[in-house]
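File shown: structure-v9.cif. Contents: mmCIF, C-alpha atoms.
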data_run
#
loop_
_atom_site.group_PDB
_atom_site.id
_atom_site.type_symbol
_atom_site.label_atom_id
_atom_site.label_comp_id
_atom_site.auth_asym_id
_atom_site.auth_seq_id
_atom_site.Cartn_x
_atom_site.Cartn_y
_atom_site.Cartn_z
ATOM 1 C CA GLN S 14 15.996 -9.371 -6.890
ATOM 2 C CA VAL S 15 13.707 -8.897 -3.918
ATOM 3 C CA GLN S 16 10.025 -9.131 -4.760
ATOM 4 C CA LEU S 17 7.001 -7.652 -3.031
ATOM 5 C CA VAL S 18 3.841 -9.718 -2.758
ATOM 6 C CA GLU S 19 0.500 -8.197 -1.785
ATOM 7 C CA SER S 20 -2.443 -10.054 -0.305
ATOM 8 C CA GLY S 21 -5.806 -9.280 1.246
ATOM 9 C CA GLY S 22 -7.705 -7.778 -1.665
ATOM 10 C CA GLY S 23 -11.102 -8.892 -2.828
ATOM 11 C CA LEU S 24 -14.757 -7.937 -2.960
ATOM 12 C CA VAL S 25 -15.965 -5.849 -0.044
ATOM 13 C CA PRO S 26 -19.448 -4.387 0.546
ATOM 14 C CA PRO S 27 -19.813 -0.632 1.001
ATOM 15 C CA GLY S 28 -19.057 0.272 4.582
ATOM 16 C CA GLY S 29 -16.868 -2.766 5.011
ATOM 17 C CA SER S 30 -13.224 -3.102 5.984
ATOM 18 C CA LEU S 31 -10.170 -4.882 4.744
ATOM 19 C CA ARG S 32 -6.522 -5.300 5.603
ATOM 20 C CA LEU S 33 -3.912 -5.457 2.888
ATOM 21 C CA SER S 34 -0.528 -7.015 3.528
ATOM 22 C CA CYS S 35 2.699 -6.765 1.593
ATOM 23 C CA ALA S 36 5.666 -9.006 2.174
ATOM 24 C CA ALA S 37 9.177 -8.596 0.839
ATOM 25 C CA SER S 38 10.883 -11.807 -0.220
ATOM 26 C CA GLY S 39 14.151 -10.622 1.294
ATOM 27 C CA THR S 40 15.849 -7.771 3.058
ATOM 28 C CA ILE S 41 15.859 -4.405 1.322
ATOM 29 C CA PHE S 42 18.560 -2.071 2.545
ATOM 30 C CA GLY S 43 18.353 1.693 2.567
ATOM 31 C CA ILE S 44 14.591 1.972 2.779
ATOM 32 C CA LYS S 45 13.339 5.534 2.773
ATOM 33 C CA SER S 46 9.641 4.774 2.906
ATOM 34 C CA MET S 47 7.081 2.014 2.531
ATOM 35 C CA GLY S 48 3.663 2.702 1.148
ATOM 36 C CA TRP S 49 0.506 1.821 -0.687
ATOM 37 C CA TYR S 50 -0.665 3.256 -3.974
ATOM 38 C CA ARG S 51 -3.801 2.578 -5.957
ATOM 39 C CA GLN S 52 -4.871 2.844 -9.552
ATOM 40 C CA ALA S 53 -8.451 2.855 -10.732
ATOM 41 C CA PRO S 54 -9.304 2.114 -14.383
ATOM 42 C CA GLY S 55 -8.408 5.030 -16.604
ATOM 43 C CA LYS S 56 -6.717 6.932 -13.799
ATOM 44 C CA GLN S 57 -3.170 7.483 -12.657
ATOM 45 C CA ARG S 58 -1.547 5.629 -9.793
ATOM 46 C CA ASP S 59 -1.927 7.687 -6.630
ATOM 47 C CA LEU S 60 -0.489 7.475 -3.150
ATOM 48 C CA VAL S 61 -2.864 6.113 -0.515
ATOM 49 C CA ALA S 62 -0.566 6.028 2.497
ATOM 50 C CA ALA S 63 3.116 5.870 3.320
ATOM 51 C CA VAL S 64 5.335 5.426 6.345
ATOM 52 C CA THR S 65 8.920 6.655 6.416
ATOM 53 C CA SER S 66 11.848 4.787 7.871
ATOM 54 C CA GLY S 67 11.534 7.061 10.872
ATOM 55 C CA GLY S 68 7.905 6.155 11.373
ATOM 56 C CA SER S 69 6.189 9.263 10.062
ATOM 57 C CA THR S 70 2.983 8.595 8.177
ATOM 58 C CA ASN S 71 1.261 10.353 5.322
ATOM 59 C CA TYR S 72 -2.245 9.741 3.993
ATOM 60 C CA ALA S 73 -4.187 10.852 0.963
ATOM 61 C CA ASP S 74 -6.982 13.220 1.898
ATOM 62 C CA SER S 75 -9.516 10.769 0.511
ATOM 63 C CA VAL S 76 -8.601 8.101 3.072
ATOM 64 C CA LYS S 77 -7.687 10.184 6.131
ATOM 65 C CA GLY S 78 -9.538 8.889 9.152
ATOM 66 C CA ARG S 79 -10.365 5.621 7.371
ATOM 67 C CA ALA S 80 -6.935 4.146 6.732
ATOM 68 C CA THR S 81 -4.036 3.094 8.917
ATOM 69 C CA ILE S 82 -0.643 2.097 7.576
ATOM 70 C CA SER S 83 1.765 0.053 9.659
ATOM 71 C CA ARG S 84 4.948 -1.919 9.199
ATOM 72 C CA ASP S 85 7.037 -4.437 11.099
ATOM 73 C CA ASN S 86 10.282 -3.437 12.766
ATOM 74 C CA ALA S 87 12.314 -5.499 10.329
ATOM 75 C CA LYS S 88 10.833 -3.467 7.454
ATOM 76 C CA THR S 89 9.861 -6.563 5.522
ATOM 77 C CA MET S 90 6.102 -6.180 5.889
ATOM 78 C CA VAL S 91 3.732 -3.281 5.398
ATOM 79 C CA TYR S 92 0.010 -3.282 6.085
ATOM 80 C CA LEU S 93 -2.948 -1.118 5.173
ATOM 81 C CA GLN S 94 -6.121 -1.247 7.227
ATOM 82 C CA MET S 95 -9.035 0.485 5.547
ATOM 83 C CA ASN S 96 -12.473 1.014 7.030
ATOM 84 C CA SER S 97 -15.744 2.508 5.828
ATOM 85 C CA LEU S 98 -14.956 1.515 2.280
ATOM 86 C CA ASN S 99 -16.942 3.057 -0.557
ATOM 87 C CA PRO S 100 -17.108 2.330 -4.297
ATOM 88 C CA GLU S 101 -14.579 5.113 -4.961
ATOM 89 C CA ASP S 102 -11.994 2.965 -3.178
ATOM 90 C CA THR S 103 -12.234 0.363 -5.933
ATOM 91 C CA ALA S 104 -8.810 0.030 -7.547
ATOM 92 C CA VAL S 105 -5.727 -2.106 -7.873
ATOM 93 C CA TYR S 106 -3.626 -1.525 -4.782
ATOM 94 C CA TYR S 107 0.153 -1.662 -5.056
ATOM 95 C CA CYS S 108 2.703 -1.728 -2.298
ATOM 96 C CA ASN S 109 5.926 0.183 -2.696
ATOM 97 C CA PHE S 110 9.264 0.075 -0.898
ATOM 98 C CA GLU S 111 11.327 3.124 -1.798
ATOM 99 C CA ALA S 112 15.040 2.608 -1.246
ATOM 100 C CA TRP S 113 17.691 5.210 -2.034
ATOM 101 C CA TYR S 114 18.844 3.161 -5.022
ATOM 102 C CA HIS S 115 15.628 1.583 -6.321
ATOM 103 C CA ASN S 116 11.845 1.678 -6.179
ATOM 104 C CA PHE S 117 10.321 -1.728 -5.507
ATOM 105 C CA TRP S 118 6.717 -2.461 -6.526
ATOM 106 C CA GLY S 119 4.371 -5.347 -5.928
ATOM 107 C CA GLN S 120 2.225 -6.836 -8.643
ATOM 108 C CA GLY S 121 -0.952 -5.329 -7.236
ATOM 109 C CA THR S 122 -4.074 -6.674 -5.597
ATOM 110 C CA GLN S 123 -7.601 -5.841 -6.717
ATOM 111 C CA VAL S 124 -9.984 -4.261 -4.252
ATOM 112 C CA THR S 125 -13.604 -3.973 -5.364
ATOM 113 C CA VAL S 126 -16.176 -2.235 -3.196
ATOM 114 C CA SER S 127 -19.637 -3.207 -4.312
ATOM 115 C CA SER S 128 -22.882 -4.593 -3.013
#

Just dump the structure as structure tokens.
Amino acid sequence: QVQLVESGGGLVPPGGSLRLSCAASGTIFGIKSMGWYRQAPGKQRDLVAAVTSGGSTNYADSVKGRATISRDNAKTMVYLQMNSLNPEDTAVYYCNFEAWYHNFWGQGTQVTVSS
């Protein structure tokens, strides 16, 4: 089965930036959307940003203006650029490829915003 692997997380100071990447180990057919979710301790997993197969994007209100989601044309990579990070952005970030027949998830990458 195709796997998703995230990279780019780590410790970032408040006000800093980071770029998360997610790579699929193979081709996933029938993709409806590709996105990033995050889960902070004790909280539910929430959508951060998503891009549909047609290229439309959607962002959580909390990251609008600070985040940019992008993908490659082959739909094997999805990226999340986040700027002006604050401690409330601290969470495990998961990438997601939603196909019509299955929801693919990465294992998650920790992002910690702290001085």

**Item:** Picked residues, the PyMOL selection byres ((chain S and resi 112-117) around 10), expected as a PyMOL selection string
**Value:** chain S and resi 14-17+37+41-47+66+108-111+118-119

**Message:** Please compute the CA of Val61 in chain S-CA of Thr81 in chain S distance, one decimal, in Å.
**Reply:** 10.0 Å

**Item:** Separation of CA of Leu60 in chain S from CA of Ile82 in chain S in Å
**Value:** 12.0 Å

**Message:** When you count all atoms listed in the file, which of these residues is closest to Met90 in chain S: S:Gly67, S:Gly48, S:Pro54, S:Gly78?
**Reply:**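 That would be S:Gly48, the residue with the smallest distance to Met90 in chain S.
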
**Among the residues S:Val64, S:Leu93, S:Ala104, S:Ala80, the one that comes closest to Gly21 in chain S [using only C-alpha atoms]** =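 Of the candidates, the smallest distance to Gly21 in chain S is held by S:Leu93.
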
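Nearest residue to Thr40 in chain S, choosing from S:Ala87, S:Val76, S:Val124, S:Val105 and counting all atoms listed in the file: S:Ala87.
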
**Request:** Check what the PyMOL selection byres ((chain S and resi 32) around 9) selects in the file above and give those residues as a list in words.
**Result:**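 Going through the file, the PyMOL selection byres ((chain S and resi 32) around 9) ends up selecting Ser20, Gly21, Gly22, Ser30, Leu31, Leu33, Ser34, Tyr92, Leu93, Gln94, Met95 and Asn96 of chain S.
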
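Between Asn99 in chain S and the residues S:Gln120, S:Asn86, S:Ser127, S:Thr65, the shortest atom-to-atom distance, using only C-alpha atoms, involves S:Ser127.
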
**Asked** To one decimal place, how far is CA of Val25 in chain S from CA of Thr125 in chain S in Å?
**Response**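 It comes out at 6.1 Å.
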
**Prompt:** Within 6 Å of Ala62 in chain S, counting all atoms listed in the file, which residues qualify if same-chain residues fewer than 6 places away don't, as a list in words?
**Reply:**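 Residues near the query, excluding close chain neighbours: Gly48, Trp49, Asn71 and Tyr72 of chain S.
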
Output C-alpha atoms of each residue in that selection to a file, as a PDB file, in the coordinates of the input.
ATOM      1  CA  GLY S  48       3.663   2.702   1.148  1.00  0.00           C
ATOM      2  CA  TRP S  49       0.506   1.821  -0.687  1.00  0.00           C
ATOM      3  CA  ASN S  71       1.261  10.353   5.322  1.00  0.00           C
ATOM      4  CA  TYR S  72      -2.245   9.741   3.993  1.00  0.00           C
TER       5      TYR S  72
END

**Fill in**
Shortest contact to Tyr106 in chain S, candidates S:Pro27, S:Arg51, S:Lys77, S:Gln57, atoms counted only C-alpha atoms, goes to S:Arg51
